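Peer 1: Please see the structure below; I have some questions.
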Amino acid sequence: KESFMRKSEQLSAITQMSAGIAHEIKNPLTALKGFMQLGTANPDLRESYNELLLSEVNRIESIVNDFMMLAKPASSIQIEEVNIKQTVDYVIELYQSLISEKDISIHTSIACSDSAIHSDPNRFKQILINIIKNAIEAVDCHGEIRVDVVCEDEEALIKISDDGKGLSQEKLKRLGEPFFTTKKDGTGLGIMVTRKMVDDLGGRISYASEEGEGTSVTILFPIK
Ligand code: ADP
Ligand code: MG
């Protein structure tokens, strides 16, 4: 009886997840179809819809990418030498235009005796991308983001904090729930995917936040 219960619970989780994915992909598809029909009816306006079409396609792409990341088995991990500073700098560079636009100052401090750690470079980079992007998006203007890394013998501790809008206790509890987003164009998948990648690396992640004050994300993971 017990295993029957578990199976039906699993099935219901899969059903819910599938409905969520279908819904999230259907929205941009419906928008795409609408703009394409408008473009067909009004050839003069076609060009003006291009940007909207592209943003809907991008949205579908990022949802699919996130789900592909979730489906990746932990056995696909490849441990290599990863340069922490280079990776942090790379991610900041990736969002430089948004950072300048919002007038955000970023401080990084990396206290590691060796320049390289041992980890999965793709997952490590993707984790930083997801968290730093959220930090940037949480800041309206003139904010500050800190990236602090401390290495110990076997573990690294990364703390990313922002002084952005923060989260209520209620919302804080919902972090990592699939499709939980407070953003107009968010997917609500970033934290779920980040959790899975940190898990793949054998690490832990925690969030602390105060509404109106800011948020800090702490990751602890093995580096040997
Ligand atoms: P998305 O960024 O697409 O909304 P995420 O899973 O990355 O999806 O984040 C889910 C939600 O968690 C966000 O919509 C936001 O409300 C909240 N959140 C995440 N990081 C932060 C942060 N640094 N500051 C404030 N809120 C955050
Ligand atoms: Mg996000």
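Just so we're on the same page: first chain in the structure tokens is A, next is B, and so on; residues restart at 1 for each chain, and ligands are numbered from 1 in the order they show up.
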What do you get as a tab-separated table (two decimals) with N, CA and C atoms, in the first residue's frame if you pick all residues at most 8 Å from ligand 1, counting only C-alpha atoms and all ligand atoms?

Peer 2:
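Saved result, part.tsv, follows:
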```
chain	number	residue	atom	x	y	z
A	130	ASN	N	22.85	32.76	-12.05
A	130	ASN	CA	21.47	32.83	-11.55
A	130	ASN	C	21.36	33.72	-10.32
A	131	ILE	N	22.32	33.60	-9.40
A	131	ILE	CA	22.21	34.36	-8.15
A	131	ILE	C	22.54	35.83	-8.37
A	132	ILE	N	23.59	36.10	-9.15
A	132	ILE	CA	23.98	37.49	-9.39
A	132	ILE	C	22.91	38.22	-10.21
A	133	LYS	N	22.32	37.50	-11.16
A	133	LYS	CA	21.25	38.11	-11.95
A	133	LYS	C	20.07	38.50	-11.05
A	134	ASN	N	19.69	37.61	-10.16
A	134	ASN	CA	18.60	37.94	-9.22
A	134	ASN	C	18.97	39.15	-8.36
A	135	ALA	N	20.23	39.21	-7.92
A	135	ALA	CA	20.66	40.33	-7.08
A	135	ALA	C	20.54	41.64	-7.87
A	136	ILE	N	20.99	41.63	-9.11
A	136	ILE	CA	20.90	42.84	-9.94
A	136	ILE	C	19.44	43.24	-10.15
A	137	GLU	N	18.61	42.24	-10.40
A	137	GLU	CA	17.19	42.53	-10.65
A	137	GLU	C	16.47	43.04	-9.40
A	138	ALA	N	17.01	42.70	-8.23
A	138	ALA	CA	16.37	43.13	-6.98
A	138	ALA	C	16.65	44.60	-6.66
A	139	VAL	N	17.69	45.15	-7.29
A	139	VAL	CA	18.08	46.53	-7.02
A	139	VAL	C	17.41	47.45	-8.05
A	161	SER	N	25.45	39.23	-1.55
A	161	SER	CA	24.41	40.01	-0.91
A	161	SER	C	24.10	41.28	-1.69
A	162	ASP	N	22.84	41.67	-1.62
A	162	ASP	CA	22.42	42.91	-2.29
A	162	ASP	C	21.60	43.74	-1.33
A	164	GLY	N	18.90	45.32	-2.29
A	164	GLY	CA	17.70	45.54	-3.11
A	164	GLY	C	16.41	45.42	-2.31
A	165	LYS	N	15.35	45.13	-3.01
A	165	LYS	CA	14.03	45.21	-2.38
A	165	LYS	C	13.75	44.12	-1.33
A	166	GLY	N	14.53	43.04	-1.35
A	166	GLY	CA	14.34	41.99	-0.35
A	166	GLY	C	13.04	41.23	-0.52
A	167	LEU	N	12.75	40.38	0.45
A	167	LEU	CA	11.57	39.51	0.35
A	167	LEU	C	10.86	39.43	1.70
A	171	LYS	N	7.24	35.19	1.16
A	171	LYS	CA	7.83	34.90	-0.15
A	171	LYS	C	9.12	34.12	0.00
A	172	LEU	N	9.86	34.42	1.06
A	172	LEU	CA	11.12	33.72	1.31
A	172	LEU	C	10.89	32.22	1.38
A	174	ARG	N	8.74	30.56	-0.16
A	174	ARG	CA	8.34	29.98	-1.46
A	174	ARG	C	9.50	29.86	-2.45
A	175	LEU	N	10.67	30.37	-2.07
A	175	LEU	CA	11.81	30.33	-3.00
A	175	LEU	C	12.12	28.89	-3.40
A	176	GLY	N	12.34	28.69	-4.68
A	176	GLY	CA	12.68	27.36	-5.16
A	176	GLY	C	11.48	26.58	-5.64
A	177	GLU	N	10.28	27.09	-5.35
A	177	GLU	CA	9.06	26.49	-5.88
A	177	GLU	C	9.05	26.75	-7.39
A	178	PRO	N	8.78	25.72	-8.18
A	178	PRO	CA	8.79	25.97	-9.63
A	178	PRO	C	7.77	27.04	-10.03
A	179	PHE	N	8.20	27.95	-10.87
A	179	PHE	CA	7.37	29.03	-11.43
A	179	PHE	C	6.99	30.09	-10.43
A	180	PHE	N	7.59	30.07	-9.23
A	180	PHE	CA	7.32	31.18	-8.31
A	180	PHE	C	8.16	32.38	-8.72
A	181	THR	N	7.49	33.40	-9.19
A	181	THR	CA	8.20	34.61	-9.61
A	181	THR	C	7.40	35.83	-9.21
A	182	THR	N	8.10	36.94	-8.95
A	182	THR	CA	7.41	38.21	-8.69
A	182	THR	C	7.74	39.19	-9.81
A	183	LYS	N	8.37	38.65	-10.88
A	183	LYS	CA	8.80	39.54	-11.97
A	183	LYS	C	7.89	39.42	-13.18
A	185	ASP	N	8.67	39.49	-16.29
A	185	ASP	CA	9.17	38.55	-17.30
A	185	ASP	C	10.04	37.44	-16.68
A	186	GLY	N	9.77	37.12	-15.42
A	186	GLY	CA	10.53	36.04	-14.77
A	186	GLY	C	9.99	34.67	-15.17
A	187	THR	N	10.83	33.65	-15.01
A	187	THR	CA	10.35	32.29	-15.26
A	187	THR	C	10.06	31.57	-13.94
A	188	GLY	N	10.67	32.06	-12.86
A	188	GLY	CA	10.49	31.38	-11.58
A	188	GLY	C	11.13	30.00	-11.57
A	189	LEU	N	12.18	29.84	-12.35
A	189	LEU	CA	12.87	28.54	-12.39
A	189	LEU	C	14.31	28.64	-11.90
A	190	GLY	N	14.84	29.87	-11.86
A	190	GLY	CA	16.26	30.06	-11.56
A	190	GLY	C	16.71	29.43	-10.25
A	191	ILE	N	15.95	29.66	-9.18
A	191	ILE	CA	16.38	29.17	-7.88
A	191	ILE	C	16.27	27.65	-7.80
A	192	MET	N	15.21	27.12	-8.40
A	192	MET	CA	15.05	25.66	-8.41
A	192	MET	C	16.24	25.00	-9.12
A	193	VAL	N	16.61	25.56	-10.25
A	193	VAL	CA	17.74	25.02	-11.01
A	193	VAL	C	19.05	25.20	-10.22
A	209	SER	N	16.71	37.11	3.99
A	209	SER	CA	16.21	38.33	3.37
A	209	SER	C	15.33	39.11	4.31
A	214	GLY	N	17.23	44.00	1.80
A	214	GLY	CA	18.13	43.27	0.92
A	214	GLY	C	18.12	41.78	1.18
A	215	THR	N	18.95	41.10	0.42
A	215	THR	CA	18.96	39.64	0.46
A	215	THR	C	20.39	39.15	0.45
A	216	SER	N	20.66	38.06	1.16
A	216	SER	CA	21.97	37.45	0.97
A	216	SER	C	21.84	35.95	0.79
A	217	VAL	N	22.62	35.46	-0.13
A	217	VAL	CA	22.57	34.05	-0.50
A	217	VAL	C	23.92	33.45	-0.12
```

Peer 1: Which residue, A:Ile145, A:Ala22, A:Ile104, A:Ala41, has the smallest gap to A:Ile63 when you use only C-alpha atoms?

Peer 2: A:Ala22

Peer 1: Identify which of the residues A:Ser119, A:Gln126, A:Ser109, A:Gln37 lies closest to A:Glu80, counting only C-alpha atoms when measuring atom-to-atom distances.

Peer 2: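 Closest residue, counting only C-alpha atoms: A:Ser119.
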
Peer 1: Quick check for you: according to DSSP on this backbone, which residues of stretch 32-206 of chain A are classed as alpha helix (DSSP H)? Reply as an MDAnalysis selection string.

Peer 2: chainID A and resid 32:41 46:71 84:94 96:101 121:138 169:174 190:200

Peer 1: For A:Lys102, list every protein, DNA or RNA residue within 8 Å, evaluated using only C-alpha atoms, and leave out those in the same chain fewer than 5 positions away; present the list as a list in words.

Peer 2: Val139, Asp140, Cys141, His142 and Gly143 of chain A

Peer 1: Would you mind exporting C-alpha atoms of the selected residues as a short mmCIF file (atom, residue, chain, number, x, y, z; two decimals), in the first residue's frame?

Peer 2:
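And here is the file that came out, selection.cif:
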```
data_model
loop_
_atom_site.label_atom_id
_atom_site.label_comp_id
_atom_site.auth_asym_id
_atom_site.auth_seq_id
_atom_site.Cartn_x
_atom_site.Cartn_y
_atom_site.Cartn_z
CA VAL A 139 18.08 46.53 -7.02
CA ASP A 140 16.15 49.45 -8.47
CA CYS A 141 18.89 52.01 -8.69
CA HIS A 142 22.12 53.00 -6.90
CA GLY A 143 22.43 49.66 -5.21
#
```

Peer 1: DSSP on the backbone: which residues in stretch 11-189 of chain A end up as strand (DSSP E or B)? Give the answer as a PyMOL selection string.

Peer 2: chain A and resi 80-83+105-111+116-119+144-151+155-162

Peer 1: Write the residues of the selection above to a file with N, CA and C atoms, as an mmCIF file, in the first residue's frame.

Peer 2:
```cif
data_model
loop_
_atom_site.group_PDB
_atom_site.id
_atom_site.type_symbol
_atom_site.label_atom_id
_atom_site.label_comp_id
_atom_site.auth_asym_id
_atom_site.auth_seq_id
_atom_site.Cartn_x
_atom_site.Cartn_y
_atom_site.Cartn_z
ATOM 1 N N GLU A 80 36.930 19.910 -12.656
ATOM 2 C CA GLU A 80 38.148 20.453 -13.246
ATOM 3 C C GLU A 80 38.663 21.566 -12.339
ATOM 4 N N GLU A 81 39.797 22.131 -12.721
ATOM 5 C CA GLU A 81 40.261 23.306 -11.988
ATOM 6 C C GLU A 81 39.430 24.496 -12.418
ATOM 7 N N VAL A 82 38.891 25.216 -11.462
ATOM 8 C CA VAL A 82 38.083 26.387 -11.771
ATOM 9 C C VAL A 82 38.716 27.596 -11.083
ATOM 10 N N ASN A 83 38.913 28.640 -11.839
ATOM 11 C CA ASN A 83 39.442 29.864 -11.258
ATOM 12 C C ASN A 83 38.267 30.717 -10.763
ATOM 13 N N SER A 105 27.010 49.379 -7.641
ATOM 14 C CA SER A 105 28.433 49.136 -7.447
ATOM 15 C C SER A 105 28.624 47.714 -6.918
ATOM 16 N N ILE A 106 29.577 47.024 -7.505
ATOM 17 C CA ILE A 106 29.821 45.636 -7.119
ATOM 18 C C ILE A 106 31.179 45.523 -6.441
ATOM 19 N N HIS A 107 31.180 44.934 -5.251
ATOM 20 C CA HIS A 107 32.452 44.708 -4.556
ATOM 21 C C HIS A 107 32.699 43.220 -4.485
ATOM 22 N N THR A 108 33.884 42.815 -4.862
ATOM 23 C CA THR A 108 34.190 41.399 -4.713
ATOM 24 C C THR A 108 35.390 41.249 -3.794
ATOM 25 N N SER A 109 35.332 40.217 -2.977
ATOM 26 C CA SER A 109 36.477 39.924 -2.132
ATOM 27 C C SER A 109 36.679 38.417 -2.146
ATOM 28 N N ILE A 110 37.857 38.007 -2.576
ATOM 29 C CA ILE A 110 38.104 36.572 -2.697
ATOM 30 C C ILE A 110 39.298 36.191 -1.835
ATOM 31 N N ALA A 111 39.014 35.475 -0.756
ATOM 32 C CA ALA A 111 40.071 35.084 0.168
ATOM 33 C C ALA A 111 40.343 33.591 0.044
ATOM 34 N N ALA A 116 42.834 28.465 -7.954
ATOM 35 C CA ALA A 116 41.862 27.523 -8.517
ATOM 36 C C ALA A 116 41.300 26.575 -7.465
ATOM 37 N N ILE A 117 40.020 26.217 -7.662
ATOM 38 C CA ILE A 117 39.403 25.188 -6.826
ATOM 39 C C ILE A 117 39.061 24.021 -7.745
ATOM 40 N N HIS A 118 38.596 22.937 -7.184
ATOM 41 C CA HIS A 118 38.124 21.821 -8.001
ATOM 42 C C HIS A 118 36.620 21.753 -7.955
ATOM 43 N N SER A 119 36.006 21.953 -9.112
ATOM 44 C CA SER A 119 34.555 21.908 -9.185
ATOM 45 C C SER A 119 34.122 21.689 -10.635
ATOM 46 N N GLU A 144 24.014 48.258 -4.120
ATOM 47 C CA GLU A 144 25.323 47.691 -3.891
ATOM 48 C C GLU A 144 25.191 46.177 -3.812
ATOM 49 N N ILE A 145 26.109 45.500 -4.485
ATOM 50 C CA ILE A 145 26.130 44.037 -4.436
ATOM 51 C C ILE A 145 27.515 43.600 -3.995
ATOM 52 N N ARG A 146 27.551 42.652 -3.091
ATOM 53 C CA ARG A 146 28.840 42.125 -2.633
ATOM 54 C C ARG A 146 28.948 40.648 -2.967
ATOM 55 N N VAL A 147 30.133 40.271 -3.439
ATOM 56 C CA VAL A 147 30.412 38.850 -3.654
ATOM 57 C C VAL A 147 31.629 38.521 -2.794
ATOM 58 N N ASP A 148 31.423 37.762 -1.729
ATOM 59 C CA ASP A 148 32.527 37.399 -0.836
ATOM 60 C C ASP A 148 32.786 35.905 -0.898
ATOM 61 N N VAL A 149 34.030 35.564 -1.132
ATOM 62 C CA VAL A 149 34.386 34.145 -1.195
ATOM 63 C C VAL A 149 35.469 33.867 -0.160
ATOM 64 N N VAL A 150 35.257 32.839 0.617
ATOM 65 C CA VAL A 150 36.279 32.407 1.573
ATOM 66 C C VAL A 150 36.542 30.930 1.334
ATOM 67 N N CYS A 151 37.792 30.558 1.159
ATOM 68 C CA CYS A 151 38.109 29.145 0.954
ATOM 69 C C CYS A 151 38.712 28.569 2.220
ATOM 70 N N GLU A 155 36.418 23.258 1.642
ATOM 71 C CA GLU A 155 35.155 23.884 1.276
ATOM 72 C C GLU A 155 35.348 25.340 0.897
ATOM 73 N N ALA A 156 34.446 25.822 0.051
ATOM 74 C CA ALA A 156 34.423 27.256 -0.223
ATOM 75 C C ALA A 156 33.077 27.790 0.234
ATOM 76 N N LEU A 157 33.088 29.021 0.742
ATOM 77 C CA LEU A 157 31.868 29.671 1.165
ATOM 78 C C LEU A 157 31.701 30.916 0.299
ATOM 79 N N ILE A 158 30.604 30.972 -0.408
ATOM 80 C CA ILE A 158 30.350 32.132 -1.255
ATOM 81 C C ILE A 158 29.114 32.836 -0.731
ATOM 82 N N LYS A 159 29.254 34.135 -0.525
ATOM 83 C CA LYS A 159 28.097 34.897 -0.052
ATOM 84 C C LYS A 159 27.859 36.036 -1.032
ATOM 85 N N ILE A 160 26.647 36.087 -1.543
ATOM 86 C CA ILE A 160 26.297 37.153 -2.482
ATOM 87 C C ILE A 160 25.176 37.956 -1.850
ATOM 88 N N SER A 161 25.455 39.233 -1.554
ATOM 89 C CA SER A 161 24.406 40.013 -0.907
ATOM 90 C C SER A 161 24.099 41.277 -1.695
ATOM 91 N N ASP A 162 22.839 41.674 -1.617
ATOM 92 C CA ASP A 162 22.420 42.905 -2.288
ATOM 93 C C ASP A 162 21.603 43.741 -1.327
#
```

Peer 1: Could you check which of A:Asp163, A:Glu9, A:Glu47, A:Asp66 is closest to ligand 2, using only C-alpha atoms and all ligand atoms?

Peer 2: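 Among A:Asp163, A:Glu9, A:Glu47, A:Asp66, it is A:Asp66 that comes nearest to ligand 2.
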
Peer 1: Which is closer to A:Glu170 than all the others in A:Ile14, A:Glu211, A:Tyr49, A:Asp153, using only C-alpha atoms?

Peer 2: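 Once distances to A:Glu170 are computed over only C-alpha atoms, the minimum belongs to A:Glu211.
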
Peer 1: Determine the nearest neighbour of A:Ser75 from the options A:Asn42, A:Val57, A:Leu201, A:Leu32, counting only C-alpha atoms.

Peer 2: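 Going through A:Asn42, A:Val57, A:Leu201, A:Leu32 one by one, the smallest distance to A:Ser75 is for A:Leu201.
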
Peer 1: Counting only C-alpha atoms, which of A:Gln169, A:Gln86, A:Ile77, A:Glu152 gets nearest to A:Gly202?

Peer 2: A:Ile77
